[in-house]
>>> print(open('input_25.csv').read())   # CSV, C-alpha atoms
chain,number,residue,atom,x,y,z
A,530,MET,CA,-7.9,-13.3,16.7
A,531,ARG,CA,-10.7,-11.5,14.9
A,532,VAL,CA,-9.4,-8.7,12.7
A,533,LEU,CA,-11.6,-6.0,11.3
A,534,VAL,CA,-10.1,-4.6,8.1
A,535,THR,CA,-11.3,-1.2,6.9
A,536,GLY,CA,-10.5,-0.3,3.3
A,537,ALA,CA,-10.7,-4.0,2.4
A,538,GLY,CA,-11.2,-3.2,-1.3
A,539,GLY,CA,-7.8,-1.6,-1.7
A,540,GLN,CA,-4.4,-3.1,-2.5
A,541,VAL,CA,-3.3,-3.8,1.1
A,542,GLY,CA,-6.8,-4.7,2.3
A,543,ARG,CA,-7.3,-7.3,-0.4
A,544,SER,CA,-3.8,-8.7,0.2
A,545,VAL,CA,-4.6,-9.0,3.9
A,546,LEU,CA,-7.7,-11.0,3.1
A,547,GLU,CA,-5.7,-13.4,0.9
A,548,GLN,CA,-2.6,-13.7,3.0
A,549,PHE,CA,-3.8,-13.8,6.6
A,550,THR,CA,-3.9,-17.5,7.5
A,551,ARG,CA,-3.9,-17.7,11.3
A,552,HIS,CA,-6.7,-15.2,12.1
A,553,GLU,CA,-10.3,-14.5,11.2
A,554,VAL,CA,-10.6,-11.5,8.9
A,555,VAL,CA,-13.8,-9.4,8.7
A,556,PRO,CA,-13.5,-7.1,5.7
A,557,VAL,CA,-15.4,-3.8,5.3
A,558,ALA,CA,-15.1,-1.6,2.2
A,559,HIS,CA,-15.6,2.2,2.2
A,560,GLY,CA,-19.2,1.8,1.1
A,561,GLU,CA,-19.9,-0.4,4.1
A,562,LEU,CA,-18.2,1.6,6.8
A,563,ASP,CA,-17.3,5.2,6.6
A,564,VAL,CA,-14.2,5.8,8.9
A,565,CYS,CA,-15.1,9.5,9.0
A,566,ASP,CA,-18.4,8.7,10.7
A,567,LEU,CA,-17.8,8.2,14.5
A,568,ALA,CA,-21.3,6.9,15.2
A,569,ALA,CA,-21.0,4.4,12.4
A,570,LEU,CA,-17.6,3.3,13.6
A,571,ARG,CA,-18.8,2.7,17.1
A,572,ALA,CA,-21.8,0.8,15.9
A,573,GLY,CA,-19.7,-1.3,13.5
A,574,LEU,CA,-17.2,-2.2,16.2
A,575,ASP,CA,-19.9,-3.1,18.6
A,576,THR,CA,-21.5,-5.4,16.0
A,577,VAL,CA,-18.3,-7.1,14.8
A,578,ARG,CA,-16.6,-7.2,18.2
A,579,PRO,CA,-13.1,-7.5,16.8
A,580,ASP,CA,-9.9,-8.2,18.7
A,581,LEU,CA,-8.0,-5.7,16.5
A,582,VAL,CA,-8.7,-3.2,13.8
A,583,LEU,CA,-6.4,-2.9,10.7
A,584,ASN,CA,-7.0,0.4,9.0
A,585,ALA,CA,-6.2,0.1,5.3
A,586,ALA,CA,-8.6,2.9,4.3
A,587,ALA,CA,-6.8,5.9,2.9
A,588,TYR,CA,-6.9,8.7,0.3
A,589,THR,CA,-4.1,7.7,-2.0
A,590,ASP,CA,-4.1,10.1,-4.9
A,591,VAL,CA,-0.9,12.0,-4.3
A,592,ASP,CA,-1.5,14.6,-7.0
A,593,GLY,CA,-5.2,14.8,-6.4
A,594,ALA,CA,-4.5,15.8,-2.8
A,595,GLU,CA,-3.1,19.1,-4.1
A,596,ARG,CA,-6.4,19.8,-5.7
A,597,GLU,CA,-8.6,18.6,-2.9
A,598,PRO,CA,-6.8,18.9,0.4
A,599,ALA,CA,-10.0,18.6,2.4
A,600,ALA,CA,-10.6,15.1,1.0
A,601,ALA,CA,-7.0,14.1,1.6
A,602,PHE,CA,-7.1,15.1,5.3
A,603,ALA,CA,-10.5,13.6,5.7
A,604,GLY,CA,-9.3,10.2,4.5
A,605,ASN,CA,-5.8,10.3,6.0
A,606,ALA,CA,-6.2,12.2,9.2
A,607,VAL,CA,-9.8,12.6,10.3
A,608,GLY,CA,-10.7,8.9,9.7
A,609,PRO,CA,-7.6,7.6,11.6
A,610,ARG,CA,-8.3,10.0,14.5
A,611,LEU,CA,-11.9,8.7,14.8
A,612,LEU,CA,-10.7,5.1,14.5
A,613,ALA,CA,-8.2,5.7,17.2
A,614,LEU,CA,-10.9,7.2,19.5
A,615,ALA,CA,-13.4,4.4,18.8
A,616,THR,CA,-10.9,1.6,19.3
A,617,ALA,CA,-9.4,3.2,22.4
A,618,GLU,CA,-12.8,3.4,24.0
A,619,ARG,CA,-13.1,-0.3,23.6
A,620,GLY,CA,-9.5,-1.2,24.6
A,621,LEU,CA,-8.8,-2.5,21.1
A,622,PRO,CA,-5.4,-2.3,19.3
A,623,LEU,CA,-5.3,-0.3,16.0
A,624,LEU,CA,-2.9,-1.1,13.2
A,625,HIS,CA,-2.7,2.0,10.9
A,626,LEU,CA,-0.8,2.3,7.6
A,627,SER,CA,1.2,5.3,6.7
A,628,SER,CA,3.7,6.3,4.0
A,629,ASP,CA,7.3,7.1,3.1
A,630,TYR,CA,6.0,10.5,1.9
A,631,VAL,CA,6.0,11.8,5.5
A,632,PHE,CA,9.8,12.4,4.8
A,633,ASP,CA,11.3,15.1,2.6
A,634,GLY,CA,13.9,12.7,1.0
A,635,GLU,CA,16.9,14.9,1.8
A,636,ALA,CA,18.7,12.6,4.2
A,637,GLY,CA,20.5,10.8,1.5
A,638,ARG,CA,20.0,7.4,3.2
A,639,PRO,CA,17.0,5.2,4.0
A,640,TYR,CA,14.8,6.6,6.8
A,641,HIS,CA,14.3,4.7,10.0
A,642,GLU,CA,11.4,4.9,12.5
A,643,PHE,CA,13.1,7.5,14.7
A,644,ASP,CA,13.9,10.0,12.0
A,645,THR,CA,11.9,13.3,12.0
A,646,PRO,CA,9.2,13.6,9.3
A,647,ALA,CA,9.1,16.6,7.1
A,648,PRO,CA,6.5,16.1,4.3
A,649,LEU,CA,6.7,18.0,1.0
A,650,SER,CA,3.2,17.6,-0.2
A,651,THR,CA,-0.4,17.8,1.0
A,652,TYR,CA,-0.6,14.0,0.7
A,653,GLY,CA,2.4,13.7,3.0
A,654,ARG,CA,1.1,16.2,5.5
A,655,SER,CA,-2.2,14.4,5.6
A,656,LYS,CA,-0.5,11.1,6.3
A,657,LEU,CA,1.6,12.6,9.0
A,658,ALA,CA,-1.5,14.2,10.6
A,659,GLY,CA,-3.0,10.7,10.7
A,660,GLU,CA,0.0,9.3,12.4
A,661,GLU,CA,-0.1,12.0,15.1
A,662,ALA,CA,-3.8,11.4,15.7
A,663,VAL,CA,-3.3,7.6,16.1
A,664,ARG,CA,-0.4,8.1,18.6
A,665,ALA,CA,-2.4,10.7,20.5
A,666,PHE,CA,-5.7,8.8,20.9
A,667,ASN,CA,-4.8,5.1,21.1
A,668,PRO,CA,-1.6,4.1,22.9
A,669,ARG,CA,-2.2,0.5,21.8
A,670,HIS,CA,-1.2,1.1,18.2
A,671,TYR,CA,0.9,-0.4,15.5
A,672,LEU,CA,1.8,2.4,13.1
A,673,VAL,CA,3.3,1.0,9.9
A,674,ARG,CA,5.0,3.0,7.2
A,675,SER,CA,5.4,1.4,3.9
A,676,ALA,CA,6.4,2.6,0.4
A,677,TRP,CA,5.7,2.4,-3.3
A,678,VAL,CA,3.1,-0.4,-2.8
A,679,TYR,CA,1.9,-2.3,-5.8
A,680,SER,CA,-0.1,-5.5,-6.4
A,681,PRO,CA,-1.8,-7.5,-9.1
A,682,PHE,CA,-5.0,-5.4,-8.8
A,683,GLY,CA,-6.1,-1.9,-8.3
A,684,ARG,CA,-4.2,1.2,-9.5
A,685,ASN,CA,-0.4,1.1,-9.1
A,686,PHE,CA,2.9,1.8,-10.9
A,687,ALA,CA,3.5,-1.8,-11.9
A,688,LEU,CA,0.2,-2.2,-13.6
A,689,THR,CA,0.5,1.2,-15.2
A,690,MET,CA,3.8,0.2,-16.7
A,691,ARG,CA,2.2,-3.0,-18.0
A,692,GLY,CA,-0.5,-1.0,-19.7
A,693,LEU,CA,2.1,1.0,-21.5
A,694,ALA,CA,4.0,-2.0,-22.8
A,695,GLY,CA,2.8,-1.5,-26.4
A,696,ARG,CA,4.3,2.0,-26.8
A,697,PRO,CA,7.5,2.5,-28.8
A,698,GLU,CA,9.2,3.9,-25.7
A,699,VAL,CA,8.3,4.6,-22.0
A,700,GLN,CA,9.9,7.5,-20.1
A,701,VAL,CA,10.4,7.0,-16.4
A,702,VAL,CA,11.9,9.1,-13.7
A,703,SER,CA,15.3,7.9,-12.7
A,704,ASP,CA,16.3,10.4,-9.9
A,705,GLN,CA,13.7,9.4,-7.3
A,706,PHE,CA,14.5,6.5,-5.1
A,707,GLY,CA,12.4,4.4,-2.7
A,708,SER,CA,11.5,1.0,-1.5
A,709,PRO,CA,9.2,-0.9,-3.9
A,710,THR,CA,6.9,-3.1,-1.8
A,711,TYR,CA,4.7,-5.9,-3.0
A,712,ALA,CA,1.4,-5.8,-1.1
A,713,PRO,CA,1.1,-9.5,-0.4
A,714,HIS,CA,4.6,-9.5,1.1
A,715,LEU,CA,3.5,-6.6,3.3
A,716,ALA,CA,0.4,-8.4,4.3
A,717,VAL,CA,2.4,-11.4,5.5
A,718,ALA,CA,4.5,-9.1,7.6
A,719,LEU,CA,1.5,-7.4,9.1
A,720,GLU,CA,0.1,-10.7,10.3
A,721,ARG,CA,3.5,-11.4,12.0
A,722,LEU,CA,3.5,-7.9,13.5
A,723,ILE,CA,0.1,-8.1,15.2
A,724,GLU,CA,1.2,-11.4,16.8
A,725,THR,CA,4.1,-9.7,18.6
A,726,GLY,CA,2.0,-7.5,20.9
A,727,SER,CA,4.8,-5.0,20.6
A,728,PHE,CA,3.1,-1.6,19.9
A,729,GLY,CA,4.9,1.2,18.2
A,730,THR,CA,6.0,2.6,14.8
A,731,TYR,CA,7.4,0.2,12.2
A,732,HIS,CA,8.8,0.5,8.7
A,733,LEU,CA,7.8,-2.6,6.6
A,734,VAL,CA,9.1,-2.6,3.0
A,735,ASN,CA,10.7,-5.0,0.7
A,736,VAL,CA,14.5,-4.9,1.2
A,737,GLY,CA,16.6,-2.7,-1.0
A,738,VAL,CA,16.5,0.6,-2.9
A,739,ALA,CA,15.4,1.3,-6.5
A,740,SER,CA,14.5,4.2,-8.7
A,741,TRP,CA,11.2,4.3,-10.6
A,742,TYR,CA,13.2,3.7,-13.7
A,743,GLU,CA,14.8,0.5,-12.2
A,744,LEU,CA,11.4,-0.7,-11.0
A,745,ALA,CA,9.9,-0.2,-14.5
A,746,CYS,CA,12.8,-2.1,-16.1
A,747,ALA,CA,12.3,-4.9,-13.6
A,748,VAL,CA,8.5,-5.0,-14.4
A,749,PHE,CA,9.1,-5.4,-18.2
A,750,ARG,CA,11.9,-7.9,-17.7
A,751,GLU,CA,9.9,-10.2,-15.5
A,752,LEU,CA,6.9,-10.0,-17.9
A,753,GLY,CA,9.2,-10.9,-20.8
A,754,LEU,CA,8.4,-7.6,-22.6
A,755,ALA,CA,11.0,-5.8,-24.7
A,756,THR,CA,9.5,-2.3,-24.2
A,757,PRO,CA,12.3,0.3,-24.3
A,758,VAL,CA,12.5,2.4,-21.1
A,759,ARG,CA,14.3,5.8,-21.2
A,760,PRO,CA,15.4,7.4,-17.9
A,761,VAL,CA,14.4,11.0,-17.4
A,762,SER,CA,14.9,13.5,-14.6
A,763,THR,CA,12.1,14.7,-12.4
A,764,PRO,CA,11.8,18.2,-14.0
A,765,ALA,CA,11.0,16.4,-17.3
A,766,VAL,CA,7.8,15.0,-15.9
A,767,PRO,CA,6.2,17.8,-13.9
A,768,ARG,CA,3.6,16.8,-11.3
A,769,PRO,CA,1.3,18.8,-9.1
A,770,ALA,CA,2.7,17.3,-5.9
A,771,ARG,CA,6.4,17.4,-4.9
A,772,ARG,CA,7.9,13.9,-4.4
A,773,PRO,CA,10.8,13.1,-2.0
A,774,ARG,CA,14.0,12.5,-3.9
A,775,PHE,CA,15.1,9.6,-1.7
A,776,SER,CA,12.4,8.1,0.5
A,777,ALA,CA,13.6,4.5,1.0
A,778,LEU,CA,12.8,3.1,4.4
A,779,ALA,CA,14.8,1.0,6.8
A,780,THR,CA,14.1,-0.4,10.3
A,781,LEU,CA,15.7,-0.1,13.7
A,782,GLN,CA,12.7,-1.6,15.4
A,783,ARG,CA,12.7,-4.9,17.3
A,784,PRO,CA,11.3,-7.4,16.8
A,785,ALA,CA,12.6,-7.0,13.3
A,786,ILE,CA,10.3,-8.3,10.5
A,787,ALA,CA,12.1,-8.7,7.3
A,788,LEU,CA,10.4,-8.7,3.9
A,789,PRO,CA,12.0,-10.3,0.8
A,790,PRO,CA,14.3,-8.2,-1.5
A,791,TRP,CA,12.3,-5.9,-3.8
A,792,PRO,CA,13.3,-7.8,-7.0
A,793,GLN,CA,11.6,-10.9,-5.5
A,794,GLY,CA,8.5,-8.8,-5.1
A,795,VAL,CA,8.5,-8.0,-8.8
A,796,LYS,CA,9.0,-11.6,-9.7
A,797,ASP,CA,6.1,-12.7,-7.5
A,798,TRP,CA,3.9,-9.9,-8.9
A,799,ALA,CA,4.7,-10.9,-12.5
A,800,ALA,CA,3.9,-14.5,-11.8
A,801,ALA,CA,0.5,-13.5,-10.2
A,802,VAL,CA,-0.6,-11.3,-13.1
A,803,SER,CA,0.5,-13.9,-15.7
A,804,GLN,CA,-1.6,-16.5,-13.8
A,805,GLU,CA,-4.5,-14.1,-13.8
A,806,ASP,CA,-4.2,-13.7,-17.6
A,807,GLU,CA,-4.1,-17.5,-18.1
A,808,ASP,CA,-7.2,-17.9,-15.8
A,809,ARG,CA,-9.1,-15.2,-17.7
A,810,ALA,CA,-8.1,-16.7,-21.1
A,811,GLY,CA,-9.3,-20.1,-19.9
A,812,THR,CA,-12.6,-18.7,-18.6
A,813,SER,CA,-13.2,-16.8,-21.9
A,814,ALA,CA,-12.5,-20.0,-23.9
A,815,LEU,CA,-14.8,-22.0,-21.7
A,816,SER,CA,-17.5,-19.3,-22.1
A,817,ARG,CA,-17.2,-19.4,-25.9
A,818,THR,CA,-17.4,-23.2,-25.9
A,819,THR,CA,-20.5,-23.1,-23.7
A,820,ARG,CA,-22.2,-20.6,-25.9
A,821,ARG,CA,-21.6,-22.7,-29.0
A,822,SER,CA,-22.8,-25.9,-27.4
A,823,ALA,CA,-26.0,-24.1,-26.2
A,824,ARG,CA,-27.0,-23.1,-29.7
A,825,PRO,CA,-30.0,-25.1,-31.0
A,826,PRO,CA,-29.3,-27.3,-34.0
A,827,SER,CA,-30.1,-25.7,-37.4
>>> encode(input="input_25.csv", output="structure tokens")
Amino acid sequence: MRVLVTGAGGQVGRSVLEQFTRHEVVPVAHGELDVCDLAALRAGLDTVRPDLVLNAAAYTDVDGAEREPAAAFAGNAVGPRLLALATAERGLPLLHLSSDYVFDGEAGRPYHEFDTPAPLSTYGRSKLAGEEAVRAFNPRHYLVRSAWVYSPFGRNFALTMRGLAGRPEVQVVSDQFGSPTYAPHLAVALERLIETGSFGTYHLVNVGVASWYELACAVFRELGLATPVRPVSTPAVPRPARRPRFSALATLQRPAIALPPWPQGVKDWAAAVSQEDEDRAGTSALSRTTRRSARPPS
């Protein structure tokens, strides 16, 4: 199967490129294909001639969406609508990624695929609008909600915590709960999903529930860092966008595709970033040695 991946420079897009092993992946970043340009989408699809489109392009700045709602809806609703139109015209399946933030977090339990969304923020409303457009314009869709996605690259909570490791103390919210999901684990599940041919809405997250505080503690523990983490309440860290209090996800769908427990995701993430550090250190040392050996004799 030839899979065209939009938003290939992001966390999920890059993970798909690394983790898909049974299918040909054709990556396109935002600068190469604007999902908000219908003519460009049609031309791109006709050039690549994929068997499926995986849309990993999105506006992901939750707080920024409150300041620039038009940009959020363009990336999260208009783009998916046009992708749904262009793929449906060609009889192509579309896999579109959405978010736990379409829920308000008041259920007090993990949300399944048949729960009714009720977003609290502009970001959440834009993601829900994208879901509705995909369902309306391309019946051959996989709509995948995931949550709290992080990876060894890009901008995400785990890397932010790592960057704060030198501080005397890090304060992290302890009264918001979700499903931390390691992007490479999600990518493996996406490859399995597109092989089922079973269209519909799916929740794909690492198993289990954690608070941001628990996730931060796990990040430092797996990195072997002794940075003190102090739990604080949401009001202590005011943000422009409201977050759901409990937005963990669960699945009732079949076929069921299980990801590993969330602590395993943190372990795998820590191993990956540690390996990257070793590789960079080795490259830097080799570069210094090369420069010294290239100097002319005095």
>>> closest_residue(input="input_25.csv", among="A:Gly726, A:Gly737, A:Pro622, A:Pro668", to="Ser776 of chain A", atoms="all atoms listed in the file")
A:Gly737
>>> residues_near_point(input="input_25.csv", point="(-6.7, 10.7, 11.1)", cutoff="7 Å", atoms="only C-alpha atoms", output="VMD selection string")
chain A and resid 605 to 611 658 to 660 662 to 663
>>> residues_around(input="input_25.csv", residues="segment 707-712 of chain A", least_positions_apart="4", cutoff="6 Å", atoms="only C-alpha atoms", output="list in words")
Val541, Ala676, Trp677, Val678, Tyr679, Ser680, Val734, Asn735, Val738, Ala739, Phe775, Ser776, Ala777, Trp791 and Gly794 of chain A
>>> closest_residue(input="input_25.csv", among="A:Arg674, A:Val701, A:Thr550, A:Ala694", to="Pro767 of chain A", atoms="all atoms listed in the file")
A:Val701
>>> atom_distance(input="input_25.csv", atom1="atom CA of Phe666 of chain A", atom2="atom CA of Ala617 of chain A")
6.9 Å
>>> atom_distance(input="input_25.csv", atom1="atom CA of Leu574 of chain A", atom2="atom CA of Tyr652 of chain A")
27.9 Å
>>> closest_residue(input="input_25.csv", among="A:Asp592, A:Glu642, A:Asp580, A:Asp704", to="Thr730 of chain A", atoms="all atoms listed in the file")
A:Glu642
>>> residues_near_point(input="input_25.csv", point="(17.7, 2.5, -24.3)", cutoff="12 Å", atoms="only C-alpha atoms", output="list in words")
Pro697, Glu698, Val699, Gln700, Val701, Tyr742, Cys746, Ala755, Thr756, Pro757, Val758, Arg759, Pro760 and Val761 of chain A
>>> residues_around(input="input_25.csv", residues="Pro681 of chain A", least_positions_apart="2", cutoff="7 Å", atoms="only C-alpha atoms", output="PyMOL selection string")
chain A and resi 798+801-802
>>> atom_distance(input="input_25.csv", atom1="atom CA of Ala572 of chain A", atom2="atom CA of Leu614 of chain A")
13.1 Å
>>> residues_around(input="input_25.csv", residues="Val534 of chain A", least_positions_apart="2", cutoff="10 Å", atoms="all atoms listed in the file", output="list in words")
Arg531, Val532, Gly536, Ala537, Gly538, Val541, Gly542, Arg543, Val545, Leu546, Val554, Val555, Pro556, Val557, Ala558, Pro579, Leu581, Val582, Leu583, Asn584, Ala585, Ala586 and Leu624 of chain A
>>> closest_residue(input="input_25.csv", among="A:Phe682, A:Ala800, A:Leu754, A:Leu688", to="Ser544 of chain A", atoms="only C-alpha atoms")
A:Phe682
>>> closest_residue(input="input_25.csv", among="A:Met530, A:Ala615, A:Thr535, A:Gln540", to="Ala568 of chain A", atoms="all atoms listed in the file")
A:Ala615
